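What follows is final33.cif (mmCIF, C-alpha atoms and all ligand atoms).
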data_work
#
loop_
_atom_site.group_PDB
_atom_site.id
_atom_site.type_symbol
_atom_site.label_atom_id
_atom_site.label_comp_id
_atom_site.auth_asym_id
_atom_site.auth_seq_id
_atom_site.Cartn_x
_atom_site.Cartn_y
_atom_site.Cartn_z
ATOM 1 C CA MET I 1 114.686 136.515 93.421
ATOM 2 C CA ALA I 2 115.707 133.020 92.341
ATOM 3 C CA GLN I 3 118.338 132.989 95.072
ATOM 4 C CA LYS I 4 115.794 134.061 97.659
ATOM 5 C CA LYS I 5 113.526 131.198 96.580
ATOM 6 C CA LEU I 6 116.390 128.736 96.839
ATOM 7 C CA PHE I 7 117.287 130.051 100.286
ATOM 8 C CA LEU I 8 113.682 129.734 101.459
ATOM 9 C CA ASN I 9 113.555 126.276 99.960
ATOM 10 C CA SER I 10 116.538 125.045 102.017
ATOM 11 C CA LEU I 11 115.152 126.658 105.181
ATOM 12 C CA ILE I 12 111.705 125.186 104.871
ATOM 13 C CA ARG I 13 112.651 121.751 103.539
ATOM 14 C CA PRO I 14 113.521 120.267 106.996
ATOM 15 C CA ILE I 15 110.202 121.512 108.388
ATOM 16 C CA ILE I 16 108.349 119.926 105.467
ATOM 17 C CA VAL I 17 110.261 116.642 105.955
ATOM 18 C CA VAL I 18 109.339 116.566 109.662
ATOM 19 C CA ARG I 19 105.708 117.318 108.831
ATOM 20 C CA LEU I 20 105.611 114.603 106.153
ATOM 21 C CA LEU I 21 107.158 112.063 108.544
ATOM 22 C CA GLY I 22 104.613 112.995 111.226
ATOM 23 C CA GLU I 23 101.801 112.631 108.718
ATOM 24 C CA LYS I 24 103.194 109.283 107.554
ATOM 25 C CA ASN I 25 103.285 107.921 111.116
ATOM 26 C CA ARG I 26 99.788 109.182 111.817
ATOM 27 C CA ILE I 27 98.443 107.493 108.680
ATOM 28 C CA LEU I 28 100.336 104.255 109.393
ATOM 29 C CA GLU I 29 98.841 104.097 112.902
ATOM 30 C CA GLN I 30 95.348 104.746 111.551
ATOM 31 C CA LYS I 31 95.882 102.125 108.830
ATOM 32 C CA ASN I 32 97.152 99.506 111.289
ATOM 33 C CA SER I 33 94.261 100.012 113.673
ATOM 34 C CA LEU I 34 91.782 99.819 110.789
ATOM 35 C CA GLU I 35 93.389 96.634 109.466
ATOM 36 C CA ARG I 36 93.168 95.109 112.939
ATOM 37 C CA LYS I 37 89.476 95.988 113.126
ATOM 38 C CA LEU I 38 88.896 94.540 109.649
ATOM 39 C CA ARG I 39 90.592 91.282 110.668
ATOM 40 C CA LEU I 40 88.453 91.073 113.805
ATOM 41 C CA GLY I 41 85.345 91.840 111.775
ATOM 42 C CA CYS I 42 82.663 94.303 112.785
ATOM 43 C CA GLY I 43 79.400 92.446 113.238
ATOM 44 C CA ASN I 44 77.530 91.369 110.132
ATOM 45 C CA ALA I 45 77.196 94.786 108.494
ATOM 46 C CA ASP I 46 78.753 94.649 105.042
ATOM 47 C CA ILE I 47 78.521 98.429 104.760
ATOM 48 C CA CYS I 48 80.768 98.737 107.760
ATOM 49 C CA TRP I 49 83.340 96.506 106.088
ATOM 50 C CA GLU I 50 83.048 98.407 102.809
ATOM 51 C CA GLU I 51 83.414 101.744 104.538
ATOM 52 C CA LYS I 52 86.525 100.577 106.309
ATOM 53 C CA SER I 53 88.129 99.097 103.232
ATOM 54 C CA GLU I 54 87.344 102.331 101.367
ATOM 55 C CA THR I 55 89.088 104.304 104.113
ATOM 56 C CA LEU I 56 91.994 101.860 103.913
ATOM 57 C CA LYS I 57 92.282 102.535 100.190
ATOM 58 C CA ASN I 58 92.323 106.285 100.842
ATOM 59 C CA LEU I 59 94.979 105.908 103.525
ATOM 60 C CA SER I 60 97.131 103.784 101.202
ATOM 61 C CA ALA I 61 96.768 106.425 98.481
ATOM 62 C CA LEU I 62 97.860 109.111 100.963
ATOM 63 C CA LEU I 63 100.908 107.039 101.945
ATOM 64 C CA LYS I 64 101.838 106.754 98.267
ATOM 65 C CA GLU I 65 101.568 110.532 97.936
ATOM 66 C CA ILE I 66 103.847 111.002 100.926
ATOM 67 C CA HIS I 67 106.414 108.622 99.406
ATOM 68 C CA TRP I 68 106.135 110.528 96.142
ATOM 69 C CA ALA I 69 106.772 113.798 98.030
ATOM 70 C CA PHE I 70 109.954 112.301 99.536
ATOM 71 C CA ILE I 71 111.129 111.178 96.111
ATOM 72 C CA LYS I 72 110.530 114.712 94.808
ATOM 73 C CA ILE I 73 112.514 116.156 97.734
ATOM 74 C CA ILE I 74 115.422 113.803 96.947
ATOM 75 C CA PHE I 75 115.436 114.848 93.289
ATOM 76 C CA GLY I 76 114.948 118.551 94.074
ATOM 77 C CA ARG I 77 111.500 118.610 92.454
ATOM 78 C CA TYR I 78 109.516 119.231 95.615
ATOM 79 C CA GLY I 79 107.596 122.514 95.705
ATOM 80 C CA LEU I 80 107.252 122.734 91.926
ATOM 81 C CA CYS I 81 103.911 122.409 90.170
ATOM 82 C CA GLU I 82 103.797 118.951 88.557
ATOM 83 C CA LYS I 83 102.188 120.390 85.432
ATOM 84 C CA CYS I 84 103.872 123.721 84.679
ATOM 85 C CA GLU I 85 106.868 123.567 87.113
ATOM 86 C CA THR I 86 106.019 126.943 88.666
ATOM 87 C CA PRO I 87 107.338 127.082 92.262
ATOM 88 C CA LEU I 88 104.440 126.683 94.682
ATOM 89 C CA PHE I 89 103.826 129.166 97.490
ATOM 90 C CA TRP I 90 105.626 128.104 100.640
ATOM 91 C CA ASN I 91 102.722 129.044 102.873
ATOM 92 C CA THR I 92 100.568 126.651 100.821
ATOM 93 C CA LEU I 93 103.151 123.876 101.210
ATOM 94 C CA MET I 94 103.420 124.521 104.950
ATOM 95 C CA LYS I 95 99.650 124.157 105.275
ATOM 96 C CA LYS I 96 99.297 121.321 102.744
ATOM 97 C CA PRO I 97 102.661 119.631 102.181
ATOM 98 C CA LEU I 98 101.174 117.258 99.593
ATOM 99 C CA THR I 99 100.102 120.042 97.218
ATOM 100 C CA LYS I 100 101.053 119.045 93.653
ATOM 101 C CA PHE I 101 99.730 121.816 91.444
ATOM 102 C CA CYS I 102 99.894 125.600 91.369
ATOM 103 C CA PRO I 103 96.661 127.633 91.621
ATOM 104 C CA TYR I 104 96.668 128.107 87.817
ATOM 105 C CA CYS I 105 96.749 124.432 86.813
HETATM 106 ZN ZN ZN I 201 101.047 124.825 87.425
#
Would you mind writing the file's structure down as structure tokens?
Amino acid sequence: MAQKKLFLNSLIRPIIVVRLLGEKNRILEQKNSLERKLRLGCGNADICWEEKSETLKNLSALLKEIHWAFIKIIFGRYGLCEKCETPLFWNTLMKKPLTKFCPYC
């Protein structure tokens, strides 16, 4: 069972890495375009500015999570619940590669 998990882990890891890189690029593009818009200003609506800077914060947080996922991959901690260290379901990770906790935590 443990061996099967390990085998699955090594098979799925490259797919996860590609997905994380894709996600990272997508977020970076979104972040850059938003930063450009913020620099140019968007009329005199403060709400607009606030909304955009809030989105920027969220995007930056997502980027941090992606970096954290890469660090976990490097140290062989990816795919383990950050609280109880139970291996996460691979179908969950394939759908949501940034999942940190198992369904029980
Ligand atoms: Zn857990």
Which residue, I:Lys83, I:Lys64, I:Lys37, I:Lys100, has the smallest gap to ligand ZN 201 (chain I) when you use only C-alpha atoms and all ligand atoms?
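Among I:Lys83, I:Lys64, I:Lys37, I:Lys100, it is I:Lys83 that comes nearest to ligand ZN 201 (chain I).
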For chain I versus ligand ZN 201 (chain I), which residues have an atom no more than 6 Å away, and what is each residue's nearest atom pair and distance in Å rounded to one decimal, using all atoms listed in the file, chain-then-number order, as a Markdown table?
| residue | atom | partner | partner_atom | distance |
| --- | --- | --- | --- | --- |
| I:Cys81 | CA | I:ZN201 | ZN | 4.6 |
| I:Lys83 | CA | I:ZN201 | ZN | 5.0 |
| I:Cys84 | CA | I:ZN201 | ZN | 4.1 |
| I:Glu85 | CA | I:ZN201 | ZN | 6.0 |
| I:Thr86 | CA | I:ZN201 | ZN | 5.5 |
| I:Phe101 | CA | I:ZN201 | ZN | 5.2 |
| I:Cys102 | CA | I:ZN201 | ZN | 4.2 |
| I:Tyr104 | CA | I:ZN201 | ZN | 5.5 |
| I:Cys105 | CA | I:ZN201 | ZN | 4.4 |
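Near I:Trp49, within 12 Å and counting all atoms listed in the file, sit Leu34, Glu35, Lys37, Leu38, Arg39, Leu40, Gly41, Cys42, Gly43, Thr55 and Leu56 of chain I; same-chain residues fewer than 6 positions away were not included.
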Could the residues in this selection be saved with C-alpha atoms as a short mmCIF file (atom, residue, chain, number, x, y, z; two decimals), in the frame of the given file?
data_model
loop_
_atom_site.label_atom_id
_atom_site.label_comp_id
_atom_site.auth_asym_id
_atom_site.auth_seq_id
_atom_site.Cartn_x
_atom_site.Cartn_y
_atom_site.Cartn_z
CA LEU I 34 91.78 99.82 110.79
CA GLU I 35 93.39 96.63 109.47
CA LYS I 37 89.48 95.99 113.13
CA LEU I 38 88.90 94.54 109.65
CA ARG I 39 90.59 91.28 110.67
CA LEU I 40 88.45 91.07 113.80
CA GLY I 41 85.34 91.84 111.78
CA CYS I 42 82.66 94.30 112.78
CA GLY I 43 79.40 92.45 113.24
CA THR I 55 89.09 104.30 104.11
CA LEU I 56 91.99 101.86 103.91
#
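Taking atom CA of I:Ser60 and atom CA of I:Val18 as endpoints, the distance between them is 19.6 Å.
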So which one's closest to I:Lys31, I:Leu11, I:Val17, I:Cys48, I:Leu63? Using all atoms listed in the file, please.
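Comparing I:Leu11, I:Val17, I:Cys48, I:Leu63 against I:Lys31, the winner is I:Leu63.
Compared by their closest atoms to I:Leu98, and using only C-alpha atoms, the residues I:Glu23, I:Glu65, I:Glu82, I:Glu50 rank with I:Glu65 nearest.
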Can you tell me how far atom CA of I:Phe70 sits from atom CA of I:Arg36, in Å to one decimal?
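So the answer is 27.5 Å.
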Who sits within 10 Å of stretch 71-73 of chain I, all atoms listed in the file, same chain under 5 positions skipped, as a ChimeraX atom specification
/I:13,16-17,65-66,78-80
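Atom CA of I:Lys24 lies 8.5 Å from atom CA of I:Leu62.
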Report, as JSON, the centre and edge lengths in Å (one decimal) of the axis-aligned box enclosing every listed atom of stretch 95-103 of chain I, padded by 8 Å on each side.
{"center_x": 99.7, "center_y": 122.4, "center_z": 98.3, "size_x": 22.0, "size_y": 26.4, "size_z": 29.9}
Any chance you could model N, CA and C atoms for stretch 73-89 of chain I and send them as a PDB file, in the coordinates of the input?
ATOM      1  N   ILE I  73     111.543 115.419  96.913  1.00  0.00           N
ATOM      2  CA  ILE I  73     112.514 116.156  97.734  1.00  0.00           C
ATOM      3  C   ILE I  73     113.926 115.697  97.364  1.00  0.00           C
ATOM      4  N   ILE I  74     114.107 114.366  97.269  1.00  0.00           N
ATOM      5  CA  ILE I  74     115.422 113.803  96.947  1.00  0.00           C
ATOM      6  C   ILE I  74     115.914 114.328  95.599  1.00  0.00           C
ATOM      7  N   PHE I  75     115.022 114.417  94.626  1.00  0.00           N
ATOM      8  CA  PHE I  75     115.436 114.848  93.289  1.00  0.00           C
ATOM      9  C   PHE I  75     115.304 116.360  93.075  1.00  0.00           C
ATOM     10  N   GLY I  76     115.026 117.094  94.171  1.00  0.00           N
ATOM     11  CA  GLY I  76     114.948 118.551  94.074  1.00  0.00           C
ATOM     12  C   GLY I  76     113.741 119.048  93.292  1.00  0.00           C
ATOM     13  N   ARG I  77     112.694 118.226  93.210  1.00  0.00           N
ATOM     14  CA  ARG I  77     111.500 118.610  92.454  1.00  0.00           C
ATOM     15  C   ARG I  77     110.352 119.005  93.380  1.00  0.00           C
ATOM     16  N   TYR I  78     110.591 118.911  94.685  1.00  0.00           N
ATOM     17  CA  TYR I  78     109.516 119.231  95.615  1.00  0.00           C
ATOM     18  C   TYR I  78     109.230 120.737  95.584  1.00  0.00           C
ATOM     19  N   GLY I  79     107.959 121.095  95.671  1.00  0.00           N
ATOM     20  CA  GLY I  79     107.596 122.514  95.705  1.00  0.00           C
ATOM     21  C   GLY I  79     107.398 123.106  94.324  1.00  0.00           C
ATOM     22  N   LEU I  80     107.520 122.264  93.283  1.00  0.00           N
ATOM     23  CA  LEU I  80     107.252 122.734  91.926  1.00  0.00           C
ATOM     24  C   LEU I  80     105.936 122.125  91.466  1.00  0.00           C
ATOM     25  N   CYS I  81     105.163 122.923  90.737  1.00  0.00           N
ATOM     26  CA  CYS I  81     103.911 122.409  90.170  1.00  0.00           C
ATOM     27  C   CYS I  81     104.247 121.239  89.246  1.00  0.00           C
ATOM     28  N   GLU I  82     103.497 120.142  89.374  1.00  0.00           N
ATOM     29  CA  GLU I  82     103.797 118.951  88.557  1.00  0.00           C
ATOM     30  C   GLU I  82     103.403 119.126  87.100  1.00  0.00           C
ATOM     31  N   LYS I  83     102.630 120.181  86.803  1.00  0.00           N
ATOM     32  CA  LYS I  83     102.188 120.390  85.432  1.00  0.00           C
ATOM     33  C   LYS I  83     103.062 121.440  84.730  1.00  0.00           C
ATOM     34  N   CYS I  84     103.187 122.621  85.374  1.00  0.00           N
ATOM     35  CA  CYS I  84     103.872 123.721  84.679  1.00  0.00           C
ATOM     36  C   CYS I  84     105.220 124.073  85.324  1.00  0.00           C
ATOM     37  N   GLU I  85     105.582 123.392  86.422  1.00  0.00           N
ATOM     38  CA  GLU I  85     106.868 123.567  87.113  1.00  0.00           C
ATOM     39  C   GLU I  85     107.049 124.937  87.773  1.00  0.00           C
ATOM     40  N   THR I  86     105.961 125.684  87.930  1.00  0.00           N
ATOM     41  CA  THR I  86     106.019 126.943  88.666  1.00  0.00           C
ATOM     42  C   THR I  86     106.253 126.615  90.145  1.00  0.00           C
ATOM     43  N   PRO I  87     107.171 127.336  90.824  1.00  0.00           N
ATOM     44  CA  PRO I  87     107.338 127.082  92.262  1.00  0.00           C
ATOM     45  C   PRO I  87     106.049 127.400  93.018  1.00  0.00           C
ATOM     46  N   LEU I  88     105.667 126.498  93.901  1.00  0.00           N
ATOM     47  CA  LEU I  88     104.440 126.683  94.682  1.00  0.00           C
ATOM     48  C   LEU I  88     104.721 127.645  95.834  1.00  0.00           C
ATOM     49  N   PHE I  89     103.665 128.256  96.355  1.00  0.00           N
ATOM     50  CA  PHE I  89     103.826 129.166  97.490  1.00  0.00           C
ATOM     51  C   PHE I  89     104.188 128.350  98.732  1.00  0.00           C
TER      52      PHE I  89
END
